[in-house]
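File shown here: start_3.txt, holding compact mmCIF, C-alpha atoms.
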# COMPACT_ATOMS: atom_id res chain seq x y z
CA MET A 1 49.32 95.09 93.44
CA SER A 2 53.14 94.87 93.52
CA ALA A 3 55.16 91.82 92.53
CA GLY A 4 56.11 91.30 96.16
CA GLU A 5 52.41 90.96 97.13
CA GLU A 6 51.43 88.73 94.24
CA ASP A 7 53.47 85.67 95.14
CA PRO A 8 56.04 84.49 97.69
CA ARG A 9 58.86 84.50 95.12
CA GLY A 10 58.12 88.11 94.20
CA ARG A 11 58.22 89.11 97.86
CA GLU A 12 61.50 87.22 98.34
CA LEU A 13 63.11 89.00 95.37
CA SER A 14 61.81 92.38 96.53
CA GLU A 15 63.34 92.01 99.97
CA ALA A 16 66.66 90.75 98.64
CA LEU A 17 66.82 93.49 96.04
CA GLU A 18 66.22 96.18 98.62
CA ARG A 19 69.03 94.79 100.80
CA VAL A 20 71.47 94.91 97.90
CA ARG A 21 70.37 98.38 96.84
CA ALA A 22 70.86 99.58 100.43
CA ARG A 23 74.39 98.14 100.50
CA ILE A 24 75.29 99.91 97.27
CA ALA A 25 73.76 103.21 98.34
CA GLY A 26 75.48 103.09 101.73
CA VAL A 27 78.94 102.61 100.25
CA ALA A 28 78.28 105.19 97.53
CA ARG A 29 77.38 107.76 100.19
CA ALA A 30 80.36 106.92 102.37
CA SER A 31 82.78 107.16 99.45
CA ASP A 32 81.24 110.36 98.04
CA ALA A 33 80.51 108.67 94.72
CA THR A 34 79.25 111.19 92.18
CA VAL A 35 77.14 108.59 90.34
CA GLN A 36 75.06 105.79 91.83
CA PRO A 37 76.38 102.51 90.37
CA THR A 38 74.11 100.59 88.02
CA LEU A 39 72.95 97.30 89.51
CA ILE A 40 72.99 94.39 87.06
CA ALA A 41 70.92 91.46 88.32
CA VAL A 42 72.66 88.31 87.07
CA THR A 43 69.88 85.82 86.38
CA LYS A 44 71.81 82.83 85.04
CA PHE A 45 70.15 79.51 85.88
CA PHE A 46 66.95 81.32 86.90
CA PRO A 47 63.78 81.40 84.78
CA ALA A 48 62.34 84.17 82.67
CA ALA A 49 59.59 84.56 85.27
CA ASP A 50 62.16 85.90 87.72
CA VAL A 51 63.35 88.46 85.17
CA VAL A 52 59.74 89.61 84.79
CA ARG A 53 59.40 89.91 88.58
CA LEU A 54 62.62 91.92 88.80
CA HIS A 55 61.46 94.22 86.02
CA ARG A 56 58.29 94.94 88.00
CA LEU A 57 60.55 95.84 90.93
CA GLY A 58 62.42 98.42 88.86
CA VAL A 59 65.37 96.39 87.57
CA ARG A 60 66.32 97.52 84.08
CA ASP A 61 69.68 95.76 83.66
CA VAL A 62 70.00 91.97 83.57
CA GLY A 63 73.16 89.88 83.19
CA GLU A 64 73.74 86.44 81.69
CA ASN A 65 76.91 84.46 81.05
CA ARG A 66 75.85 81.62 78.71
CA ASP A 67 74.54 82.48 75.27
CA GLN A 68 72.34 79.43 74.84
CA GLU A 69 70.42 80.23 78.01
CA ALA A 70 70.49 83.99 77.51
CA SER A 71 69.22 84.04 73.93
CA ALA A 72 66.21 81.84 74.74
CA LYS A 73 65.44 83.77 77.92
CA ALA A 74 65.68 87.14 76.17
CA ARG A 75 63.18 86.01 73.54
CA GLU A 76 60.77 84.78 76.20
CA VAL A 77 61.09 87.90 78.33
CA ALA A 78 60.56 90.19 75.32
CA GLU A 79 57.04 88.80 75.00
CA LEU A 80 56.26 89.36 78.67
CA VAL A 81 57.92 92.64 79.65
CA PRO A 82 56.73 96.02 78.44
CA GLY A 83 59.25 98.81 78.45
CA PRO A 84 63.05 98.93 78.54
CA LEU A 85 65.34 96.12 79.65
CA ALA A 86 69.05 95.96 78.85
CA TRP A 87 70.79 92.59 78.59
CA HIS A 88 74.45 92.45 79.64
CA PHE A 89 76.54 89.47 78.55
CA VAL A 90 79.05 89.00 81.38
CA GLY A 91 80.62 85.57 80.75
CA GLN A 92 83.43 84.26 78.59
CA LEU A 93 82.35 84.51 74.96
CA GLN A 94 83.42 82.36 72.02
CA SER A 95 83.77 84.26 68.76
CA ASN A 96 81.32 81.92 67.02
CA LYS A 97 78.60 83.07 69.46
CA ALA A 98 78.94 86.72 68.48
CA LYS A 99 76.18 86.54 65.87
CA SER A 100 73.72 85.30 68.49
CA VAL A 101 74.75 87.66 71.28
CA VAL A 102 74.32 90.84 69.24
CA ARG A 103 70.66 89.98 68.65
CA TYR A 104 69.72 90.68 72.27
CA ALA A 105 72.64 92.19 74.21
CA SER A 106 73.27 95.89 74.69
CA TRP A 107 76.55 95.32 76.53
CA VAL A 108 79.31 92.70 76.42
CA HIS A 109 81.49 92.93 79.53
CA SER A 110 84.01 90.21 78.67
CA VAL A 111 85.93 91.32 75.57
CA ASP A 112 89.43 89.95 76.01
CA ARG A 113 91.00 89.50 72.58
CA ALA A 114 91.28 91.15 69.19
CA SER A 115 89.57 88.31 67.33
CA LEU A 116 86.44 88.72 69.46
CA VAL A 117 86.36 92.45 68.70
CA THR A 118 86.43 91.66 64.98
CA ALA A 119 83.73 89.00 65.32
CA LEU A 120 81.41 91.28 67.30
CA GLY A 121 81.83 94.17 64.87
CA LYS A 122 81.03 91.96 61.87
CA ALA A 123 78.06 90.43 63.70
CA VAL A 124 76.55 93.84 64.52
CA LEU A 125 76.78 95.01 60.90
CA ARG A 126 75.37 91.71 59.60
CA HIS A 127 72.47 91.88 62.06
CA ARG A 128 71.67 95.43 61.01
CA ASP A 129 71.63 94.41 57.35
CA GLU A 130 69.35 91.44 58.10
CA ALA A 131 66.99 93.57 60.20
CA ALA A 132 66.82 96.25 57.50
CA ALA A 133 65.94 93.59 54.93
CA GLY A 134 63.24 92.12 57.17
CA GLN A 135 65.19 88.89 57.59
CA ALA A 136 65.61 89.24 61.36
CA PRO A 137 63.83 91.10 64.15
CA GLY A 138 65.37 94.31 65.35
CA GLY A 139 67.37 94.51 68.53
CA PRO A 140 69.35 97.01 70.59
CA CYS A 141 72.26 96.91 68.16
CA THR A 142 70.08 97.98 65.25
CA GLU A 143 69.51 101.29 67.04
CA GLN A 144 72.86 101.87 68.75
CA ASP A 145 76.38 100.51 68.86
CA LEU A 146 77.15 97.52 71.06
CA THR A 147 78.93 98.66 74.22
CA CYS A 148 82.01 96.53 74.87
CA LEU A 149 84.09 96.45 78.04
CA VAL A 150 87.66 95.18 78.11
CA GLN A 151 87.97 92.37 80.62
CA VAL A 152 91.15 92.88 82.61
CA SER A 153 92.82 89.95 84.33
CA LEU A 154 93.61 90.62 87.98
CA ASP A 155 94.81 87.03 88.46
CA ALA A 156 98.48 86.17 88.18
CA GLU A 157 97.63 83.06 86.17
CA GLU A 158 94.94 84.73 83.99
CA HIS A 159 92.90 81.51 84.16
CA ARG A 160 89.52 83.27 84.25
CA GLY A 161 89.96 85.33 81.12
CA GLY A 162 91.00 88.89 80.54
CA VAL A 163 93.90 90.81 79.09
CA ARG A 164 96.94 91.91 81.02
CA PRO A 165 96.47 95.39 82.48
CA GLU A 166 99.16 96.81 80.22
CA ASP A 167 97.28 95.58 77.12
CA ALA A 168 93.85 96.97 78.02
CA VAL A 169 94.19 100.37 76.34
CA ARG A 170 95.29 98.85 73.05
CA LEU A 171 92.30 96.51 72.95
CA ALA A 172 89.89 99.33 73.89
CA GLU A 173 91.27 101.43 71.05
CA GLN A 174 90.57 98.56 68.65
CA ILE A 175 86.98 98.43 69.93
CA ALA A 176 86.60 102.18 69.43
CA ALA A 177 87.89 101.89 65.86
CA THR A 178 85.48 99.07 64.95
CA GLU A 179 82.22 100.07 63.25
CA GLY A 180 79.19 98.98 65.23
CA LEU A 181 81.00 98.89 68.58
CA ARG A 182 81.49 101.40 71.39
CA ALA A 183 84.38 101.22 73.85
CA GLY A 184 82.65 101.48 77.22
CA GLY A 185 85.43 100.86 79.74
CA VAL A 186 86.76 97.93 81.75
CA MET A 187 85.54 94.89 83.67
CA ALA A 188 87.22 92.51 86.08
CA VAL A 189 86.58 89.73 88.56
CA ALA A 190 88.44 89.83 91.87
CA PRO A 191 91.11 87.10 92.14
CA LEU A 192 90.28 83.95 94.04
CA GLY A 193 91.79 83.73 97.50
CA ALA A 194 93.01 87.34 97.56
CA ALA A 195 91.70 90.60 98.94
CA ALA A 196 89.33 92.29 96.52
CA GLY A 197 90.18 95.87 97.49
CA PRO A 198 93.77 95.99 96.19
CA ALA A 199 92.68 94.19 93.01
CA PHE A 200 89.99 96.79 92.35
CA ASP A 201 92.57 99.52 93.02
CA ARG A 202 94.54 98.09 90.10
CA LEU A 203 91.43 98.06 87.92
CA GLN A 204 90.73 101.70 88.78
CA ALA A 205 94.28 102.57 87.70
CA VAL A 206 93.73 100.80 84.36
CA SER A 207 90.50 102.76 83.93
CA GLU A 208 92.32 106.04 84.54
CA ARG A 209 94.90 105.21 81.86
CA LEU A 210 92.17 104.19 79.43
CA ARG A 211 90.27 107.45 79.92
CA GLN A 212 93.38 109.40 78.97
CA SER A 213 93.09 107.82 75.53
CA LEU A 214 89.30 107.40 75.35
CA PRO A 215 87.58 109.84 77.72
CA GLY A 216 84.16 108.35 77.09
CA ALA A 217 85.20 104.83 78.11
CA ALA A 218 84.50 105.48 81.77
CA ALA A 219 82.56 102.37 82.86
CA ILE A 220 84.09 100.14 85.53
CA SER A 221 82.21 96.85 85.88
CA ALA A 222 83.35 95.27 89.14
CA GLY A 223 81.93 93.73 92.26
CA MET A 224 79.61 90.82 92.86
CA SER A 225 77.61 89.56 95.82
CA GLN A 226 80.63 88.97 98.03
CA ASP A 227 82.72 92.05 97.22
CA LEU A 228 80.46 94.79 95.88
CA GLU A 229 81.36 97.13 98.76
CA GLU A 230 85.06 97.05 97.86
CA ALA A 231 84.23 97.69 94.20
CA VAL A 232 81.82 100.59 94.78
CA ALA A 233 84.31 102.25 97.14
CA ARG A 234 86.84 102.18 94.29
CA GLY A 235 84.72 103.73 91.61
CA ALA A 236 82.70 100.86 90.14
CA THR A 237 79.96 102.19 87.86
CA HIS A 238 78.32 98.77 87.40
CA VAL A 239 78.03 95.89 89.87
CA ARG A 240 76.97 92.37 88.88
CA VAL A 241 74.96 90.65 91.60
CA GLY A 242 73.40 87.21 91.33
CA SER A 243 73.02 85.06 94.44
CA ASP A 244 72.38 87.89 96.91
CA ILE A 245 69.32 88.85 94.85
CA LEU A 246 68.08 85.58 93.37
CA GLY A 247 69.31 83.15 96.00
CA PRO A 248 71.34 79.94 95.69
CA ARG A 249 71.70 78.43 92.25
CA PRO A 250 68.78 76.08 91.54
CA PRO A 251 69.59 72.37 91.19
CA VAL A 252 70.33 71.18 87.66
CA GLY A 253 68.43 68.26 86.17
What does this structure look like when you write it as structure tokens?
Amino acid sequence: MSAGEEDPRGRELSEALERVRARIAGVARASDATVQPTLIAVTKFFPAADVVRLHRLGVRDVGENRDQEASAKAREVAELVPGPLAWHFVGQLQSNKAKSVVRYASWVHSVDRASLVTALGKAVLRHRDEAAAGQAPGGPCTEQDLTCLVQVSLDAEEHRGGVRPEDAVRLAEQIAATEGLRAGGVMAVAPLGAAAGPAFDRLQAVSERLRQSLPGAAAISAGMSQDLEEAVARGATHVRVGSDILGPRPPVG
């Protein structure tokens, strides 16, 4: 029996997920995309049970933006989900949270400063040493390097994090030179109150410059529920969708 038949919530997620997948596939076909973008289901504020349901529906990439919630949820889900599941940290990250994030995340999409690169690299190596000594459970970073994306600011005021476009290559090169990390590409959030398409054009241009220096850093993480079409049409390889899959944010408290 499928998750959609087992319970009303499973059916709700299945239907929403299929709508989002159809949107992505339609734009990818229309834009002659050579690779189908990876869908990251952003499950912040939703319970581990929803992650389990999504896994049953074929989701293999999950996003979170708060370490305290993500670390607890990842531990809970690990006991419930057989098979692969990649956790993507997509929110602003304080350097002192690096040690926690590397225990469960395969990707960090929001690297925006040199000090965070240093902290993440040190945290990966420390976690590997602890896992080898039996002092900590293994995780994705014990088997492979942590993939880091440079967050690029497309806002004039840079109030939502990210480096200036002209500084993105330099930061990506620092990531590539740091043991334990892999430079994966770029990420951005469309500016508030402005058209997403032109902003994602700028991100695509940054990606092209980056690939001249680091050909393997080809990921473009862009597009959310409200603007995924504009992102996919401009080469996004990863889209981060929350509310259009999981619904409105649940009430707090």
**Report entry** For Lys97 (chain A): contacts at 9 Å, only C-alpha atoms, fewer than 5 positions along chain excluded, given as a list of chain:residue names
**Finding:**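 Here the answer would be A:Asp67, A:Val102, A:Ala119, A:Leu120.
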Query - For Thr34 (chain A), the nearest of the candidates A:Val186, A:Val77, A:Ala236, A:Val169, counting all atoms listed in the file - result: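 Ranking A:Val186, A:Val77, A:Ala236, A:Val169 by distance to Thr34 (chain A), first place goes to A:Ala236.
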Query - Best match for closeness to Cys141 (chain A) among A:Gly180, A:Phe200, A:Pro191, A:Asp155, counting all atoms listed in the file - result: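 Among the listed residues, A:Gly180 lies closest to Cys141 (chain A).
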Report summary line: What separates CA of Ala217 (chain A) and CA of His127 (chain A) is a distance of 24.2 Å
Box dimensions and centre (Å, one decimal) enclosing region 209-221 of chain A, axis-aligned, 8 Å extra per side, as AutoDock Vina command-line options:
--center_x 88.6 --center_y 103.3 --center_z 80.6 --size_x 28.7 --size_y 29.0 --size_z 26.5
Query raised in the report: Can you tell me, as a PyMOL selection string, what residues are no more than 12 Å from Ala205 (chain A) when counting all atoms listed in the file, ignoring any on the same chain fewer than 6 positions away?
Result: chain A and resi 152+154+165-166+168-169+186+198-199+211-212+218+220+234-236
Selected residues, C-alpha atoms, written as a PDB file, in the coordinates of the input, please.
ATOM      1  CA  VAL A 152      91.150  92.880  82.610  1.00  0.00           C
ATOM      2  CA  LEU A 154      93.610  90.620  87.980  1.00  0.00           C
ATOM      3  CA  PRO A 165      96.470  95.390  82.480  1.00  0.00           C
ATOM      4  CA  GLU A 166      99.160  96.810  80.220  1.00  0.00           C
ATOM      5  CA  ALA A 168      93.850  96.970  78.020  1.00  0.00           C
ATOM      6  CA  VAL A 169      94.190 100.370  76.340  1.00  0.00           C
ATOM      7  CA  VAL A 186      86.760  97.930  81.750  1.00  0.00           C
ATOM      8  CA  PRO A 198      93.770  95.990  96.190  1.00  0.00           C
ATOM      9  CA  ALA A 199      92.680  94.190  93.010  1.00  0.00           C
ATOM     10  CA  ARG A 211      90.270 107.450  79.920  1.00  0.00           C
ATOM     11  CA  GLN A 212      93.380 109.400  78.970  1.00  0.00           C
ATOM     12  CA  ALA A 218      84.500 105.480  81.770  1.00  0.00           C
ATOM     13  CA  ILE A 220      84.090 100.140  85.530  1.00  0.00           C
ATOM     14  CA  ARG A 234      86.840 102.180  94.290  1.00  0.00           C
ATOM     15  CA  GLY A 235      84.720 103.730  91.610  1.00  0.00           C
ATOM     16  CA  ALA A 236      82.700 100.860  90.140  1.00  0.00           C
TER      17      ALA A 236
END
Query - Using only C-alpha atoms: which of A:Ala195, A:Leu214, A:Ala28, A:Ala190 has the shortest distance to Glu173 (chain A) - result: A:Leu214
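Each of A:Gly58, A:Gly193, A:Gly242, A:Gly247 was compared to Ala41 (chain A) using all atoms listed in the file, and A:Gly242 turns out to be the nearest.
Of the listed residues A:Arg21, A:Arg103, A:Arg202, A:Arg60, the one whose atoms come nearest to Met187 (chain A) is A:Arg202, with distances taken using all atoms listed in the file.
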Report summary line: Using all atoms listed in the file, the best pick from A:Val101, A:Val108, A:Val241, A:Leu85 as closest to Arg56 (chain A) would be A:Leu85
Report summary line: CA of Thr38 (chain A) to CA of Glu179 (chain A) measures 26.1 Å
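Separating CA of Leu181 (chain A) from CA of Thr147 (chain A) is a distance of 6.0 Å.
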